[in-house]
$ cat my_file39.cif   # mmCIF, C-alpha atoms and all ligand atoms
data_upload
loop_
_atom_site.label_atom_id
_atom_site.label_comp_id
_atom_site.auth_asym_id
_atom_site.auth_seq_id
_atom_site.Cartn_x
_atom_site.Cartn_y
_atom_site.Cartn_z
CA MET N 128 8.91 -5.74 -20.72
CA SER N 129 8.08 -2.23 -19.57
CA GLY N 130 4.81 -0.83 -20.89
CA TYR N 131 3.47 -4.30 -21.75
CA PHE N 132 0.50 -3.94 -19.41
CA TYR N 133 -0.79 -0.83 -21.21
CA GLN N 134 -0.13 -2.19 -24.66
CA GLU N 135 -2.32 -5.20 -23.96
CA HIS N 136 -4.97 -3.39 -21.92
CA SER N 137 -5.54 -0.57 -24.42
CA LYS N 138 -6.35 -2.97 -27.24
CA THR N 139 -9.30 -4.32 -25.26
CA CYS N 140 -10.91 -0.85 -25.06
CA ASP N 141 -13.26 0.91 -27.43
CA PRO N 142 -11.28 3.25 -29.77
CA ASP N 143 -13.41 6.15 -28.42
CA ASP N 144 -12.70 5.35 -24.77
CA TYR N 145 -9.61 7.58 -24.50
CA TRP N 146 -9.34 7.62 -20.71
CA GLY N 147 -10.21 3.93 -20.36
CA GLN N 148 -7.33 3.09 -22.75
CA VAL N 149 -4.79 4.65 -20.38
CA LYS N 150 -6.65 3.47 -17.26
CA ARG N 151 -7.56 6.96 -16.11
CA THR N 152 -10.66 5.54 -14.42
CA VAL N 153 -12.37 5.48 -11.04
CA ASN N 154 -14.42 2.36 -10.31
CA GLY N 155 -14.05 1.41 -13.96
CA LYS N 156 -15.50 4.71 -15.25
CA PRO N 157 -13.46 7.38 -17.09
CA VAL N 158 -12.54 10.28 -14.82
CA THR N 159 -14.50 13.51 -15.17
CA GLN N 160 -13.37 16.58 -17.10
CA ASP N 161 -12.54 18.50 -13.92
CA GLN N 162 -9.94 15.81 -13.10
CA ILE N 163 -8.38 16.17 -16.55
CA ASP N 164 -8.38 19.95 -16.15
CA MET N 165 -6.48 19.56 -12.86
CA ILE N 166 -3.81 17.44 -14.58
CA VAL N 167 -3.45 19.88 -17.47
CA ALA N 168 -3.15 22.80 -15.06
CA ALA N 169 -0.55 20.98 -12.94
CA VAL N 170 1.63 20.08 -15.93
CA CYS N 171 1.37 23.45 -17.71
CA ASP N 172 2.06 25.32 -14.49
CA GLY N 173 4.90 22.95 -13.51
CA ILE N 174 6.81 23.41 -16.76
CA GLU N 175 5.67 27.03 -17.26
CA LEU N 176 4.48 26.08 -20.72
CA GLU N 177 4.42 29.02 -23.14
CA GLU N 178 3.36 29.64 -26.72
CA ARG N 179 6.98 29.52 -28.01
CA ASP N 180 7.83 26.18 -26.34
CA TYR N 181 8.44 22.96 -28.26
CA LEU N 182 7.41 20.00 -26.09
CA LEU N 183 8.58 16.43 -25.76
CA ASP N 184 5.84 14.23 -24.25
CA LEU N 185 7.36 10.89 -23.31
CA CYS N 186 5.00 7.90 -23.03
CA CYS N 187 2.18 10.02 -24.43
CA GLY N 188 -0.28 7.14 -24.83
CA ASN N 189 -3.17 8.01 -27.16
CA GLY N 190 -2.44 11.75 -27.21
CA ALA N 191 -5.68 12.64 -25.39
CA LEU N 192 -3.68 14.50 -22.74
CA THR N 193 -0.82 15.62 -25.00
CA THR N 194 -3.23 17.53 -27.20
CA TYR N 195 -4.06 19.90 -24.31
CA PHE N 196 -0.33 20.65 -23.93
CA PHE N 197 0.23 21.12 -27.67
CA ASP N 198 -2.70 23.59 -27.72
CA ARG N 199 -0.67 25.82 -25.41
CA CYS N 200 2.63 25.81 -27.26
CA ARG N 201 4.19 25.65 -30.71
CA GLY N 202 3.80 21.88 -30.91
CA GLY N 203 6.21 19.05 -30.31
CA VAL N 204 6.58 15.29 -30.33
CA GLY N 205 4.67 12.63 -28.39
CA VAL N 206 6.41 9.26 -28.07
CA ASP N 207 4.92 5.93 -27.02
CA LEU N 208 5.66 2.26 -27.62
CA SER N 209 2.06 1.15 -28.06
CA ASP N 210 1.21 0.98 -31.77
CA PHE N 211 -2.50 0.98 -30.94
CA LEU N 212 -2.29 4.16 -28.84
CA VAL N 213 0.08 5.99 -31.20
CA GLY N 214 -2.32 5.09 -34.04
CA ILE N 215 -5.16 6.81 -32.16
CA ALA N 216 -2.94 9.83 -31.41
CA LYS N 217 -1.99 10.24 -35.07
CA GLU N 218 -5.49 9.72 -36.37
CA ARG N 219 -7.47 11.76 -33.86
CA PHE N 220 -5.21 14.23 -32.07
CA ALA N 221 -2.48 15.44 -34.45
CA LYS N 222 -3.94 18.81 -35.46
CA ARG N 223 -1.00 20.70 -37.02
CA PRO N 224 2.15 19.75 -38.93
CA SER N 225 4.10 20.80 -35.83
CA GLU N 226 2.39 18.07 -33.72
CA GLU N 227 4.03 14.70 -34.24
CA TYR N 228 3.39 11.31 -32.65
CA VAL N 229 6.11 8.68 -32.88
CA LEU N 230 6.05 4.96 -32.14
CA ALA N 231 9.20 4.30 -30.12
CA ASP N 232 10.59 3.27 -26.77
CA ALA N 233 11.12 6.44 -24.73
CA LEU N 234 14.76 5.68 -23.93
CA GLU N 235 15.65 4.73 -27.51
CA PHE N 236 14.01 7.95 -28.69
CA VAL N 237 15.92 10.25 -26.37
CA LYS N 238 19.20 8.49 -27.17
CA THR N 239 18.81 8.76 -30.93
CA VAL N 240 16.49 11.62 -31.93
CA ASP N 241 17.95 14.26 -34.26
CA ARG N 242 18.27 17.86 -33.08
CA PRO N 243 17.35 17.26 -29.43
CA GLU N 244 18.14 20.91 -28.74
CA ARG N 245 14.83 21.94 -30.39
CA PHE N 246 12.90 20.75 -27.31
CA THR N 247 12.46 23.41 -24.62
CA LYS N 248 10.12 21.56 -22.20
CA ALA N 249 9.29 17.92 -21.48
CA ALA N 250 6.61 15.88 -19.74
CA CYS N 251 6.10 12.25 -18.81
CA TYR N 252 2.71 11.77 -17.22
CA GLY N 253 1.49 8.57 -15.59
CA ALA N 254 4.25 6.47 -17.09
CA PHE N 255 7.74 6.97 -15.63
CA MET N 256 7.13 4.16 -13.12
CA PHE N 257 6.78 1.66 -15.99
CA LEU N 258 10.38 2.13 -17.08
CA THR N 259 12.82 -0.38 -15.66
CA ALA N 260 15.09 1.06 -12.97
CA ASP N 261 18.07 1.06 -15.39
CA SER N 262 16.05 2.72 -18.17
CA ALA N 263 14.80 5.40 -15.77
CA THR N 264 18.36 6.26 -14.75
CA GLU N 265 19.64 6.30 -18.30
CA LEU N 266 16.68 8.33 -19.57
CA LEU N 267 17.21 11.09 -16.99
CA ALA N 268 20.95 11.23 -17.69
CA THR N 269 20.48 11.23 -21.47
CA LEU N 270 17.91 14.01 -21.36
CA ARG N 271 20.23 16.07 -19.21
CA ARG N 272 23.21 15.50 -21.51
CA ARG N 273 21.66 15.70 -25.00
CA PHE N 274 18.64 18.01 -24.58
CA THR N 275 20.60 21.18 -24.04
CA SER N 276 17.62 23.59 -24.30
CA LEU N 277 15.33 21.70 -21.92
CA SER N 278 14.58 24.05 -19.03
CA ARG N 279 11.84 22.08 -17.24
CA PHE N 280 10.68 18.45 -17.17
CA PHE N 281 7.43 17.38 -15.47
CA ILE N 282 7.18 13.78 -14.29
CA GLY N 283 3.65 13.19 -13.10
CA ASN N 284 1.46 10.80 -11.14
CA LEU N 285 4.26 8.86 -9.47
CA PRO N 286 3.14 6.24 -6.94
CA ASP N 287 4.43 7.08 -3.46
CA ARG N 288 6.14 4.12 -1.84
CA ALA N 289 5.41 5.54 1.59
CA ARG N 290 1.69 5.04 0.83
CA ALA N 291 1.88 1.67 -0.94
CA ARG N 292 0.64 -0.44 1.95
CA GLU N 293 -2.49 1.74 2.24
CA PHE N 294 -3.14 1.44 -1.50
CA PHE N 295 -2.97 -2.31 -1.93
CA ARG N 296 -5.78 -4.34 -0.43
CA ALA N 297 -4.32 -7.22 1.54
CA ASP N 298 -5.47 -9.72 -1.10
CA GLN N 299 -3.80 -7.71 -3.91
CA TYR N 300 -0.43 -7.23 -2.28
CA ARG N 301 2.46 -9.52 -3.11
CA PRO N 302 5.98 -8.96 -1.81
CA GLY N 303 8.09 -7.14 -4.39
CA ILE N 304 5.17 -5.61 -6.33
CA GLU N 305 6.49 -2.09 -5.52
CA ASP N 306 9.63 -2.83 -7.56
CA ASP N 307 7.98 -4.38 -10.60
CA PRO N 308 7.81 -2.00 -13.60
CA GLY N 309 5.59 -4.52 -15.39
CA SER N 310 2.84 -4.45 -12.73
CA PRO N 311 -0.25 -2.27 -13.33
CA THR N 312 1.12 0.41 -10.96
CA GLY N 313 4.82 0.12 -11.85
CA ILE N 314 7.72 0.99 -9.53
CA TRP N 315 6.79 2.80 -6.30
CA ARG N 316 9.38 5.31 -5.05
CA THR N 317 9.44 7.51 -1.99
CA GLU N 318 9.95 11.22 -2.61
CA GLU N 319 13.49 10.81 -1.28
CA ASP N 320 14.22 7.91 -3.66
CA PHE N 321 12.98 9.95 -6.57
CA ILE N 322 14.97 13.04 -5.62
CA ARG N 323 18.14 10.97 -5.24
CA LEU N 324 17.63 9.33 -8.64
CA SER N 325 17.05 12.65 -10.41
CA GLU N 326 19.83 14.55 -8.65
CA SER N 327 22.36 11.88 -9.54
CA ALA N 328 21.46 12.47 -13.21
CA GLY N 329 22.07 16.23 -12.95
CA TRP N 330 18.63 17.61 -12.10
CA SER N 331 17.21 19.72 -9.27
CA VAL N 332 13.81 18.46 -8.19
CA SER N 333 10.70 19.96 -6.58
CA ILE N 334 8.00 17.59 -5.45
CA ARG N 335 4.40 18.70 -5.89
CA ARG N 336 1.11 17.30 -4.65
CA MET N 337 -2.20 17.60 -6.47
CA PRO N 338 -5.20 19.32 -4.82
CA ALA N 339 -7.08 17.01 -2.41
CA ALA N 340 -9.98 16.84 -4.91
CA PHE N 341 -7.75 14.97 -7.38
CA TYR N 342 -8.74 11.29 -7.42
CA ALA N 343 -5.22 9.97 -6.85
CA ALA N 344 -3.89 12.78 -4.61
CA HIS N 345 -3.66 10.52 -1.56
CA TYR N 346 -1.01 8.19 -2.96
CA ARG N 347 0.66 9.93 -5.89
CA TYR N 348 2.96 12.92 -6.35
CA ASP N 349 4.48 14.91 -9.19
CA ALA N 350 8.02 16.14 -9.75
CA VAL N 351 9.37 19.15 -11.60
CA LEU N 352 12.96 18.74 -12.76
CA VAL N 353 15.21 21.66 -13.63
CA PRO N 354 18.76 21.17 -14.97
CA ARG N 355 21.52 21.73 -12.48
CA PRO N 356 23.29 24.09 -12.92
CA PRO N 357 20.46 26.02 -14.64
CA LEU N 358 20.67 26.50 -18.42
CA GLY N 359 22.80 29.40 -19.53
CA ARG N 360 25.33 29.22 -16.68
C1 LIG F 401 -0.97 5.25 -18.11
S1 LIG F 401 -0.44 5.44 -19.76
C2 LIG F 401 -0.21 7.21 -19.76
C3 LIG F 401 -0.35 7.83 -21.12
C4 LIG F 401 -0.33 9.36 -21.15
N1 LIG F 401 0.93 9.92 -20.71
C5 LIG F 401 -1.45 9.91 -20.29
O1 LIG F 401 -1.15 10.33 -19.16
O2 LIG F 401 -2.60 9.89 -20.71
C6 LIG F 401 1.24 4.82 -19.74
C7 LIG F 401 1.86 4.83 -21.13
O3 LIG F 401 3.25 4.59 -21.04
C8 LIG F 401 3.63 3.91 -22.23
N2 LIG F 401 4.97 3.33 -22.02
C9 LIG F 401 5.35 2.48 -21.03
N3 LIG F 401 6.66 2.17 -21.16
C10 LIG F 401 7.12 2.87 -22.23
C11 LIG F 401 8.39 3.00 -22.85
N4 LIG F 401 9.46 2.33 -22.40
N5 LIG F 401 8.51 3.81 -23.92
C12 LIG F 401 7.43 4.49 -24.40
N6 LIG F 401 6.19 4.40 -23.85
C13 LIG F 401 6.04 3.61 -22.78
C14 LIG F 401 2.52 2.91 -22.42
O4 LIG F 401 2.46 2.39 -23.73
C15 LIG F 401 1.30 3.78 -22.07
O5 LIG F 401 0.79 4.42 -23.20
#
$ encode --input "my_file39.cif" --output "structure tokens" --more "lines below"
Ligand SMILES: C[S@@+](CC[C@H](N)C(=O)[O-])C[C@H]1O[C@@H](n2cnc3c(N)ncnc32)[C@H](O)[C@@H]1O
Amino acid sequence: MSGYFYQEHSKTCDPDDYWGQVKRTVNGKPVTQDQIDMIVAAVCDGIELEERDYLLDLCCGNGALTTYFFDRCRGGVGVDLSDFLVGIAKERFAKRPSEEYVLADALEFVKTVDRPERFTKAACYGAFMFLTADSATELLATLRRRFTSLSRFFIGNLPDRARAREFFRADQYRPGIEDDPGSPTGIWRTEEDFIRLSESAGWSVSIRRMPAAFYAAHYRYDAVLVPRPPLGR
């Protein structure tokens, strides 16, 4: 099942260990604040997040990252299928009535949520690769079709298939691991694979790379999706 790894892992962490719960760690230690700041800057810049925006954060985990985005807009909805992580998000990060955290599968949510047109921007950070290939395709197409006001969608921290062999130590690699959404690193896609997938669902894509000082810059990339044709045409 997609997302199973994080559901099980997060429960083994201290409730205060927000970055440990979503495995944002280097050598087992939570990443430093400057790394978080780089992620927040990349996402907010990528989707041009503004005060008036209403954000959908898919696979939001414990809300520790989402809360930075909500601080810069009107609010929105974070969705995740881990009851443990959504519990932390609701308890510790929901600051205003306009900030909601929902326990749901990302695809089910986008297929069924009421008034999808209220969302103006969307993000999915560090999680898209845990969706099965079919769910990823359907999610992109459903967002494009139902979310008629969505002008930008940031999909972040995607593992680059072209760098997979450098990432896995020889003793960790097993054939097929790059295609397994249930593995700790999910599905690895090349930039070209990702662009093809998104374009076939009706999006234009720009690929972005994090600054070299970002801890995962050497094997991950981000993507900014814009509806094609652009909204309003
Ligand atoms: C590495 S964490 C990232 C959390 C958060 N976006 C962040 O960057 O801090 C991956 C998250 O994806 C969630 N997830 C995986 N598959 C999912 C699905 N199908 N629907 C909703 N959430 C999912 C997991 O529960 C987990 O919280």
$ closest_residue --input "my_file39.cif" --among "N:Leu258, N:Leu230, N:Ala343, N:Ala249" --to "Pro286 of chain N" --atoms "all atoms listed in the file"
N:Ala343
$ atom_distance --input "my_file39.cif" --atom1 "atom CA of Tyr145 of chain N" --atom2 "atom C9 of ligand LIG 401 (chain F)"
16.2 Å
$ residues_near_ligand --input "my_file39.cif" --ligand "ligand LIG 401 (chain F)" --cutoff "9 Å" --atoms "all atoms listed in the file" --output "PyMOL selection string"
chain N and resi 128-135+137+145-146+148-151+166+184-193+205-213+230-236+250-259+262+283-284+308-309+311-312
$ closest_residue --input "my_file39.cif" --among "N:Val229, N:Ala350, N:Leu358, N:Val237" --to "Lys217 of chain N" --atoms "all atoms listed in the file"
N:Val229
$ closest_residue --input "my_file39.cif" --among "N:Cys200, N:Ile304, N:Cys140, N:Leu352" --to "Ser325 of chain N" --atoms "only C-alpha atoms"
N:Leu352
$ closest_residue --input "my_file39.cif" --among "N:Gly203, N:Pro354, N:Pro224, N:Gly214" --to "Arg272 of chain N" --atoms "all atoms listed in the file"
N:Pro354
$ atom_distance --input "my_file39.cif" --atom1 "atom CA of Leu277 of chain N" --atom2 "atom CA of Asp320 of chain N"
22.9 Å
$ atom_distance --input "my_file39.cif" --atom1 "atom CA of Met337 of chain N" --atom2 "atom CA of Leu266 of chain N"
24.8 Å
$ closest_residue --input "my_file39.cif" --among "N:Ser331, N:Gln160, N:Thr152, N:Ser278" --to "Ile174 of chain N" --atoms "only C-alpha atoms"
N:Ser278
